[in-house]
Amino acid sequence: MARAAAAEAFSRRLGAAVRGLSGAWYNRHMAAADRAIRARLPLVDLVLEVRDARVPATSAFELLHRRSPEEPDVRLLVALNKADLADKSETEKWVAFMKQRGCSCIAVNSHSRGSINELLNAVRGRIREIKLGVSDCTGTVLLVGIPNVGKSAIINAMHQIGRIGAAEKGKLKHATVSSHPGETRDISGYKVASHPNIYVLDTPGVLSPIFANDESGPRLVLTGAIKDSLVEEYEIAQFLLTVLNLRTECREWENLNLDGDKSSFADAIPTRSCHTKRQYSSDHTQDFIVRAVRQALSETIASFQGDLGNENDLRRLVEIQFTHLQNAFRISAETIEDRNKCVAVKLLNLYRTGRLGHYTLDHVPDFRQEVAA
């Protein structure tokens, strides 16, 4: 409990910075998209809500959950995307929790053909249910979610698989995919299946200017739903390090071999390619750099003599880790500010691509307590 309280200090500071910037992301484009999505909700057969599996509660699409009682209910299917970056056991708990609450839910990896096939089959199944089993019909699906949860990647993958059996093969357009939140501006339609014919409407990501709780802002920034340019990368990386320092995974990296020899822990590092690549120290995604980063974090935690439940001691550990990570990343910038920023950018990239392990930041609520309440 004391350790969690110390980490909350970093979270509160970052959360305050994020709350003060709500006007920077909820601009007129997002407000217009909000209105357009709201107008289309009653007109479609199914709503496919995409969330980030690392933050299944925090990444919920608020527009769906703050509708007035007078508005009609929507048929909903929730896709927990980026499941490959989250803790698998926690994702399974979240899927079970959502189903207990009566909401259809499926874990998805938009880069896996098999996973997208499962999602497409789930969508087909729901459309057939809605259309009472009629196969020769047309169903419409509205794809919604906050920025950067992978909506465009999902619709492109569904479209690529679904169009194989479509008469319009080769004539259907793709959505534009970007790693930057807020890139989709318009609502566009894509055919993803035949028998029944299914059209998916891709929508811009909309993030509410009001957060459900104080923990939401930092988690959304860390997972990339809010642009890094709006908040100092150094502050985000500090928060990330407090998260890593309180997890057990870092302590399991102690035995990594920096020479590249295989060990039980080295095998666990996700590699970018099965082929041998030339090693460049300037490329922080190279496996030998990732090993050095993991070992630097593990060693600083193991050798730290302070109390991680004390805010000042935790801050001191984070500062020590930034110094060690400068060496791990082979950074030689002139000023301490430039070095820290460079470390922060590289560290955040490794976390967001799963190179530092798989973490779920939102805890699954106790369903029994919710029912009792």
# chains A, B, ... in the order shown; residues from 1 in each chain; ligands from 1

$ residues_around --residues "Leu207 (chain A)" --least-positions-apart "2" --cutoff "9 Å" --atoms "only C-alpha atoms" --output "list in words"
Trp25, Tyr26, Met30, Ser59, Phe61, Glu62, Leu63, Gly145, Ile146, Pro147, Gly205, Pro209, Ile210, Ala225 and Ile226 of chain A

$ residues_around --residues "region 325-338 of chain A" --least-positions-apart "3" --cutoff "9 Å" --atoms "only C-alpha atoms" --output "short mmCIF file (atom, residue, chain, number, x, y, z; two decimals) with all heavy atoms, in the first residue's frame"
data_model
loop_
_atom_site.label_atom_id
_atom_site.label_comp_id
_atom_site.auth_asym_id
_atom_site.auth_seq_id
_atom_site.Cartn_x
_atom_site.Cartn_y
_atom_site.Cartn_z
N TYR A 234 9.50 13.44 -20.68
CA TYR A 234 10.24 13.13 -19.46
C TYR A 234 9.29 12.79 -18.31
O TYR A 234 9.51 11.85 -17.55
CB TYR A 234 11.14 14.31 -19.09
CG TYR A 234 11.96 14.12 -17.84
CD1 TYR A 234 12.80 13.01 -17.69
CD2 TYR A 234 11.92 15.05 -16.81
CE1 TYR A 234 13.56 12.84 -16.54
CE2 TYR A 234 12.68 14.89 -15.65
CZ TYR A 234 13.49 13.78 -15.53
OH TYR A 234 14.24 13.60 -14.39
N SER A 281 24.12 0.66 -32.82
CA SER A 281 23.88 1.17 -31.48
C SER A 281 22.90 2.33 -31.47
O SER A 281 22.31 2.65 -30.44
CB SER A 281 25.21 1.62 -30.85
OG SER A 281 25.81 2.64 -31.62
N SER A 282 22.69 2.99 -32.63
CA SER A 282 21.75 4.11 -32.69
C SER A 282 20.30 3.64 -32.77
O SER A 282 19.38 4.44 -32.58
CB SER A 282 22.07 5.00 -33.91
OG SER A 282 21.99 4.25 -35.10
N ASP A 283 20.09 2.35 -33.06
CA ASP A 283 18.74 1.79 -33.15
C ASP A 283 18.38 1.15 -31.82
O ASP A 283 18.81 0.06 -31.49
CB ASP A 283 18.69 0.75 -34.28
CG ASP A 283 17.30 0.16 -34.46
OD1 ASP A 283 16.38 0.56 -33.73
OD2 ASP A 283 17.13 -0.71 -35.33
N HIS A 284 17.54 1.86 -31.05
CA HIS A 284 17.22 1.40 -29.69
C HIS A 284 16.32 0.17 -29.68
O HIS A 284 16.10 -0.42 -28.63
CB HIS A 284 16.55 2.53 -28.90
CG HIS A 284 15.20 2.91 -29.42
ND1 HIS A 284 15.03 3.76 -30.49
CD2 HIS A 284 13.94 2.54 -29.03
CE1 HIS A 284 13.74 3.92 -30.73
NE2 HIS A 284 13.05 3.19 -29.86
N ILE A 289 20.28 -3.80 -27.42
CA ILE A 289 19.96 -2.56 -26.71
C ILE A 289 18.84 -2.83 -25.70
O ILE A 289 18.88 -2.38 -24.55
CB ILE A 289 19.55 -1.44 -27.67
CG1 ILE A 289 20.71 -1.05 -28.59
CG2 ILE A 289 19.05 -0.23 -26.90
CD1 ILE A 289 21.81 -0.28 -27.90
N VAL A 290 17.82 -3.57 -26.14
CA VAL A 290 16.70 -3.90 -25.24
C VAL A 290 17.21 -4.68 -24.03
O VAL A 290 16.78 -4.45 -22.90
CB VAL A 290 15.61 -4.70 -25.99
CG1 VAL A 290 14.48 -5.09 -25.04
CG2 VAL A 290 15.06 -3.88 -27.15
N ARG A 291 18.14 -5.63 -24.26
CA ARG A 291 18.72 -6.37 -23.13
C ARG A 291 19.43 -5.43 -22.17
O ARG A 291 19.32 -5.56 -20.95
CB ARG A 291 19.71 -7.42 -23.65
CG ARG A 291 19.07 -8.61 -24.32
CD ARG A 291 20.09 -9.74 -24.52
NE ARG A 291 19.51 -10.79 -25.32
CZ ARG A 291 19.59 -10.87 -26.65
NH1 ARG A 291 20.26 -9.94 -27.31
NH2 ARG A 291 19.03 -11.87 -27.30
N ALA A 292 20.18 -4.48 -22.72
CA ALA A 292 20.91 -3.53 -21.88
C ALA A 292 19.95 -2.68 -21.06
O ALA A 292 20.19 -2.39 -19.88
CB ALA A 292 21.80 -2.65 -22.74
N VAL A 293 18.84 -2.27 -21.68
CA VAL A 293 17.84 -1.46 -20.98
C VAL A 293 17.21 -2.27 -19.85
O VAL A 293 17.08 -1.79 -18.71
CB VAL A 293 16.75 -0.98 -21.96
CG1 VAL A 293 15.56 -0.36 -21.22
CG2 VAL A 293 17.34 0.03 -22.94
N ARG A 294 16.82 -3.49 -20.15
CA ARG A 294 16.21 -4.35 -19.13
C ARG A 294 17.18 -4.60 -17.97
O ARG A 294 16.78 -4.55 -16.80
CB ARG A 294 15.78 -5.68 -19.75
CG ARG A 294 14.53 -5.59 -20.62
CD ARG A 294 14.14 -6.97 -21.09
NE ARG A 294 12.80 -6.98 -21.66
CZ ARG A 294 11.99 -8.03 -21.63
NH1 ARG A 294 12.38 -9.15 -21.07
NH2 ARG A 294 10.78 -7.98 -22.16
N GLN A 295 18.42 -4.85 -18.31
CA GLN A 295 19.39 -5.14 -17.25
C GLN A 295 19.66 -3.90 -16.42
O GLN A 295 19.83 -3.99 -15.19
CB GLN A 295 20.69 -5.68 -17.84
CG GLN A 295 21.65 -6.21 -16.77
CD GLN A 295 22.56 -7.29 -17.29
OE1 GLN A 295 22.54 -7.63 -18.46
NE2 GLN A 295 23.37 -7.85 -16.41
N ALA A 296 19.70 -2.73 -17.05
CA ALA A 296 19.91 -1.48 -16.31
C ALA A 296 18.80 -1.25 -15.31
O ALA A 296 19.04 -0.88 -14.15
CB ALA A 296 20.01 -0.30 -17.28
N LEU A 297 17.57 -1.50 -15.72
CA LEU A 297 16.43 -1.32 -14.81
C LEU A 297 16.47 -2.33 -13.68
O LEU A 297 16.24 -2.00 -12.52
CB LEU A 297 15.12 -1.45 -15.60
CG LEU A 297 14.84 -0.35 -16.63
CD1 LEU A 297 13.55 -0.65 -17.39
CD2 LEU A 297 14.74 1.01 -15.95
N ILE A 320 18.21 7.94 -10.80
CA ILE A 320 19.34 7.02 -11.00
C ILE A 320 19.13 6.20 -12.27
O ILE A 320 20.06 5.99 -13.06
CB ILE A 320 19.49 6.08 -9.78
CG1 ILE A 320 19.94 6.88 -8.56
CG2 ILE A 320 20.47 4.95 -10.08
CD1 ILE A 320 19.91 6.08 -7.26
N GLN A 321 17.91 5.75 -12.49
CA GLN A 321 17.62 4.93 -13.66
C GLN A 321 17.79 5.71 -14.95
O GLN A 321 18.28 5.17 -15.95
CB GLN A 321 16.20 4.36 -13.55
CG GLN A 321 16.07 3.27 -12.49
CD GLN A 321 14.65 2.81 -12.27
OE1 GLN A 321 13.71 3.60 -12.29
NE2 GLN A 321 14.48 1.52 -12.06
N PHE A 322 17.42 6.99 -14.95
CA PHE A 322 17.63 7.80 -16.15
C PHE A 322 19.11 7.88 -16.49
O PHE A 322 19.50 7.81 -17.66
CB PHE A 322 17.03 9.20 -15.97
CG PHE A 322 15.66 9.35 -16.56
CD1 PHE A 322 14.54 9.11 -15.80
CD2 PHE A 322 15.50 9.73 -17.89
CE1 PHE A 322 13.27 9.24 -16.34
CE2 PHE A 322 14.24 9.86 -18.44
CZ PHE A 322 13.11 9.62 -17.66
N LYS A 341 15.37 13.68 -22.34
CA LYS A 341 14.29 13.60 -23.34
C LYS A 341 14.52 12.44 -24.29
O LYS A 341 13.58 11.71 -24.64
CB LYS A 341 14.19 14.91 -24.13
CG LYS A 341 13.07 14.88 -25.16
CD LYS A 341 12.86 16.21 -25.83
CE LYS A 341 11.70 16.13 -26.83
NZ LYS A 341 11.42 17.44 -27.48
N CYS A 342 15.77 12.26 -24.69
CA CYS A 342 16.09 11.16 -25.61
C CYS A 342 15.82 9.81 -24.95
O CYS A 342 15.25 8.90 -25.56
CB CYS A 342 17.55 11.26 -26.04
SG CYS A 342 17.97 10.25 -27.46
N VAL A 343 16.20 9.67 -23.68
CA VAL A 343 15.92 8.44 -22.94
C VAL A 343 14.42 8.22 -22.87
O VAL A 343 13.92 7.10 -23.09
CB VAL A 343 16.51 8.51 -21.51
CG1 VAL A 343 15.94 7.40 -20.63
CG2 VAL A 343 18.03 8.39 -21.56
N LYS A 346 12.82 7.05 -26.25
CA LYS A 346 13.17 5.67 -26.58
C LYS A 346 12.51 4.68 -25.61
O LYS A 346 12.02 3.62 -26.03
CB LYS A 346 14.70 5.50 -26.54
CG LYS A 346 15.44 6.26 -27.64
CD LYS A 346 16.94 6.14 -27.46
CE LYS A 346 17.70 6.96 -28.51
NZ LYS A 346 17.58 6.41 -29.86
N LEU A 347 12.47 5.03 -24.33
CA LEU A 347 11.88 4.13 -23.33
C LEU A 347 10.37 3.98 -23.57
O LEU A 347 9.84 2.86 -23.50
CB LEU A 347 12.13 4.69 -21.93
CG LEU A 347 11.75 3.78 -20.75
CD1 LEU A 347 12.66 2.55 -20.71
CD2 LEU A 347 11.83 4.55 -19.43
#

$ closest_residue --among "A:Pro196, A:Gly20, A:Gly306, A:Gly150" --to "Arg51 (chain A)" --atoms "only C-alpha atoms"
A:Gly150

$ closest_residue --among "A:Ile301, A:Ala39, A:Leu119, A:Leu77" --to "Glu249 (chain A)" --atoms "only C-alpha atoms"
A:Ile301

$ atom_distance --atom1 "CA of Val74 (chain A)" --atom2 "CA of Pro42 (chain A)"
7.2 Å

$ residues_around --residues "His111 (chain A)" --least-positions-apart "4" --cutoff "9 Å" --atoms "only C-alpha atoms" --output "PyMOL selection string"
chain A and resi 82+115-116+153-154+157

$ atom_distance --atom1 "CA of Gly224 (chain A)" --atom2 "CA of Arg101 (chain A)"
27.7 Å

$ residues_around --residues "region 311-313 of chain A" --least-positions-apart "2" --cutoff "9 Å" --atoms "only C-alpha atoms" --output "list in words"
Arg3, Ala5, Ala6, Ala7, Glu8, Ala9, Phe10, Gly306, Asp307, Leu308, Gly309, Arg315, Arg316, Leu317 and Val318 of chain A

$ write_last_selection --atoms "N, CA and C atoms" --output "CSV table (one decimal), in the first residue's frame"
chain,number,residue,atom,x,y,z
A,3,ARG,N,3.9,1.6,-1.2
A,3,ARG,CA,4.5,1.7,-2.5
A,3,ARG,C,3.6,2.4,-3.5
A,5,ALA,N,1.1,4.3,-2.8
A,5,ALA,CA,0.9,5.7,-2.4
A,5,ALA,C,2.0,6.6,-3.0
A,6,ALA,N,3.2,6.1,-2.9
A,6,ALA,CA,4.4,6.8,-3.5
A,6,ALA,C,4.2,7.0,-5.0
A,7,ALA,N,3.8,5.9,-5.6
A,7,ALA,CA,3.6,6.0,-7.1
A,7,ALA,C,2.5,7.0,-7.5
A,8,GLU,N,1.5,7.1,-6.6
A,8,GLU,CA,0.4,7.9,-6.9
A,8,GLU,C,0.8,9.4,-7.0
A,9,ALA,N,1.8,9.8,-6.3
A,9,ALA,CA,2.3,11.1,-6.4
A,9,ALA,C,2.7,11.5,-7.8
A,10,PHE,N,3.5,10.6,-8.5
A,10,PHE,CA,3.8,10.8,-9.9
A,10,PHE,C,2.6,10.9,-10.7
A,306,GLY,N,17.0,2.4,-0.9
A,306,GLY,CA,15.9,3.2,-0.3
A,306,GLY,C,14.6,2.5,-0.2
A,307,ASP,N,13.6,3.2,0.2
A,307,ASP,CA,12.3,2.7,0.5
A,307,ASP,C,11.4,3.1,-0.7
A,308,LEU,N,10.9,2.1,-1.5
A,308,LEU,CA,10.1,2.4,-2.6
A,308,LEU,C,8.7,2.9,-2.2
A,309,GLY,N,8.4,2.8,-0.9
A,309,GLY,CA,7.1,3.3,-0.4
A,309,GLY,C,7.2,4.8,-0.1
A,315,ARG,N,11.5,8.8,-6.2
A,315,ARG,CA,12.0,9.8,-7.2
A,315,ARG,C,13.5,9.7,-7.4
A,316,ARG,N,14.2,9.4,-6.3
A,316,ARG,CA,15.7,9.3,-6.4
A,316,ARG,C,16.0,8.1,-7.3
A,317,LEU,N,15.3,7.0,-7.1
A,317,LEU,CA,15.6,5.8,-7.9
A,317,LEU,C,15.3,6.1,-9.4
A,318,VAL,N,14.2,6.8,-9.7
A,318,VAL,CA,13.9,7.1,-11.1
A,318,VAL,C,15.0,8.0,-11.7

$ atom_distance --atom1 "CA of Ser229 (chain A)" --atom2 "CA of Arg352 (chain A)"
15.9 Å

$ residues_around --residues "Ser188 (chain A)" --least-positions-apart "5" --cutoff "7 Å" --atoms "only C-alpha atoms" --output "MDAnalysis selection string"
chainID A and resid 201:203

$ residues_around --residues "His195 (chain A)" --least-positions-apart "4" --cutoff "9 Å" --atoms "only C-alpha atoms" --output "list in words"
Arg124, Val134, Ser135, Asp136, Cys137 and Thr138 of chain A

$ closest_residue --among "A:Leu48, A:Leu76, A:Ala16, A:Ile161" --to "Ser112 (chain A)" --atoms "only C-alpha atoms"
A:Ile161

$ select_by_dssp --residues "region 59-161 of chain A" --states "strand (DSSP E or B)" --output "list in words"
Leu76, Leu77, Val78, Ala79, Leu80, Asn81, Ser104, Cys105, Ile106, Ala107, Thr138, Gly139, Thr140, Val141, Leu142, Leu143 and Val144 of chain A

$ write_last_selection --atoms "N, CA and C atoms" --output "PDB file, in the first residue's frame"
ATOM      1  N   LEU A  76     -24.032  -3.754 -28.806  1.00  0.00           N
ATOM      2  CA  LEU A  76     -22.611  -3.461 -28.620  1.00  0.00           C
ATOM      3  C   LEU A  76     -21.758  -4.725 -28.606  1.00  0.00           C
ATOM      4  N   LEU A  77     -20.605  -4.645 -29.286  1.00  0.00           N
ATOM      5  CA  LEU A  77     -19.555  -5.658 -29.215  1.00  0.00           C
ATOM      6  C   LEU A  77     -18.261  -4.919 -28.900  1.00  0.00           C
ATOM      7  N   VAL A  78     -17.596  -5.319 -27.813  1.00  0.00           N
ATOM      8  CA  VAL A  78     -16.356  -4.661 -27.392  1.00  0.00           C
ATOM      9  C   VAL A  78     -15.157  -5.492 -27.829  1.00  0.00           C
ATOM     10  N   ALA A  79     -14.201  -4.841 -28.490  1.00  0.00           N
ATOM     11  CA  ALA A  79     -12.955  -5.498 -28.907  1.00  0.00           C
ATOM     12  C   ALA A  79     -11.805  -4.908 -28.099  1.00  0.00           C
ATOM     13  N   LEU A  80     -11.130  -5.748 -27.317  1.00  0.00           N
ATOM     14  CA  LEU A  80      -9.953  -5.306 -26.565  1.00  0.00           C
ATOM     15  C   LEU A  80      -8.732  -5.489 -27.454  1.00  0.00           C
ATOM     16  N   ASN A  81      -8.394  -4.431 -28.191  1.00  0.00           N
ATOM     17  CA  ASN A  81      -7.279  -4.501 -29.134  1.00  0.00           C
ATOM     18  C   ASN A  81      -5.946  -4.338 -28.409  1.00  0.00           C
ATOM     19  N   SER A 104     -20.998  -8.425 -24.931  1.00  0.00           N
ATOM     20  CA  SER A 104     -20.147  -9.266 -25.776  1.00  0.00           C
ATOM     21  C   SER A 104     -18.759  -8.640 -25.863  1.00  0.00           C
ATOM     22  N   CYS A 105     -17.723  -9.454 -25.700  1.00  0.00           N
ATOM     23  CA  CYS A 105     -16.361  -8.927 -25.661  1.00  0.00           C
ATOM     24  C   CYS A 105     -15.403  -9.951 -26.232  1.00  0.00           C
ATOM     25  N   ILE A 106     -14.383  -9.474 -26.941  1.00  0.00           N
ATOM     26  CA  ILE A 106     -13.383 -10.352 -27.535  1.00  0.00           C
ATOM     27  C   ILE A 106     -12.027  -9.659 -27.508  1.00  0.00           C
ATOM     28  N   ALA A 107     -10.967 -10.411 -27.200  1.00  0.00           N
ATOM     29  CA  ALA A 107      -9.606  -9.880 -27.224  1.00  0.00           C
ATOM     30  C   ALA A 107      -9.071  -9.963 -28.654  1.00  0.00           C
ATOM     31  N   THR A 138     -28.056  -7.107 -45.500  1.00  0.00           N
ATOM     32  CA  THR A 138     -26.980  -6.135 -45.329  1.00  0.00           C
ATOM     33  C   THR A 138     -26.994  -5.616 -43.903  1.00  0.00           C
ATOM     34  N   GLY A 139     -25.838  -5.651 -43.271  1.00  0.00           N
ATOM     35  CA  GLY A 139     -25.704  -5.160 -41.902  1.00  0.00           C
ATOM     36  C   GLY A 139     -24.709  -4.014 -41.850  1.00  0.00           C
ATOM     37  N   THR A 140     -24.958  -3.069 -40.969  1.00  0.00           N
ATOM     38  CA  THR A 140     -24.058  -1.921 -40.809  1.00  0.00           C
ATOM     39  C   THR A 140     -23.478  -1.916 -39.402  1.00  0.00           C
ATOM     40  N   VAL A 141     -22.184  -1.628 -39.323  1.00  0.00           N
ATOM     41  CA  VAL A 141     -21.462  -1.628 -38.054  1.00  0.00           C
ATOM     42  C   VAL A 141     -20.751  -0.287 -37.902  1.00  0.00           C
ATOM     43  N   LEU A 142     -20.929   0.346 -36.756  1.00  0.00           N
ATOM     44  CA  LEU A 142     -20.243   1.603 -36.462  1.00  0.00           C
ATOM     45  C   LEU A 142     -19.050   1.301 -35.561  1.00  0.00           C
ATOM     46  N   LEU A 143     -17.847   1.605 -36.055  1.00  0.00           N
ATOM     47  CA  LEU A 143     -16.605   1.346 -35.320  1.00  0.00           C
ATOM     48  C   LEU A 143     -16.241   2.606 -34.541  1.00  0.00           C
ATOM     49  N   VAL A 144     -16.190   2.508 -33.210  1.00  0.00           N
ATOM     50  CA  VAL A 144     -15.917   3.688 -32.387  1.00  0.00           C
ATOM     51  C   VAL A 144     -14.813   3.387 -31.382  1.00  0.00           C
TER      52      VAL A 144
END

$ select_by_dssp --residues "region 109-255 of chain A" --states "helix (DSSP H, G or I)" --output "PyMOL selection string"
chain A and resi 113-130+151-165+216-222+228-230+233-245+249-253
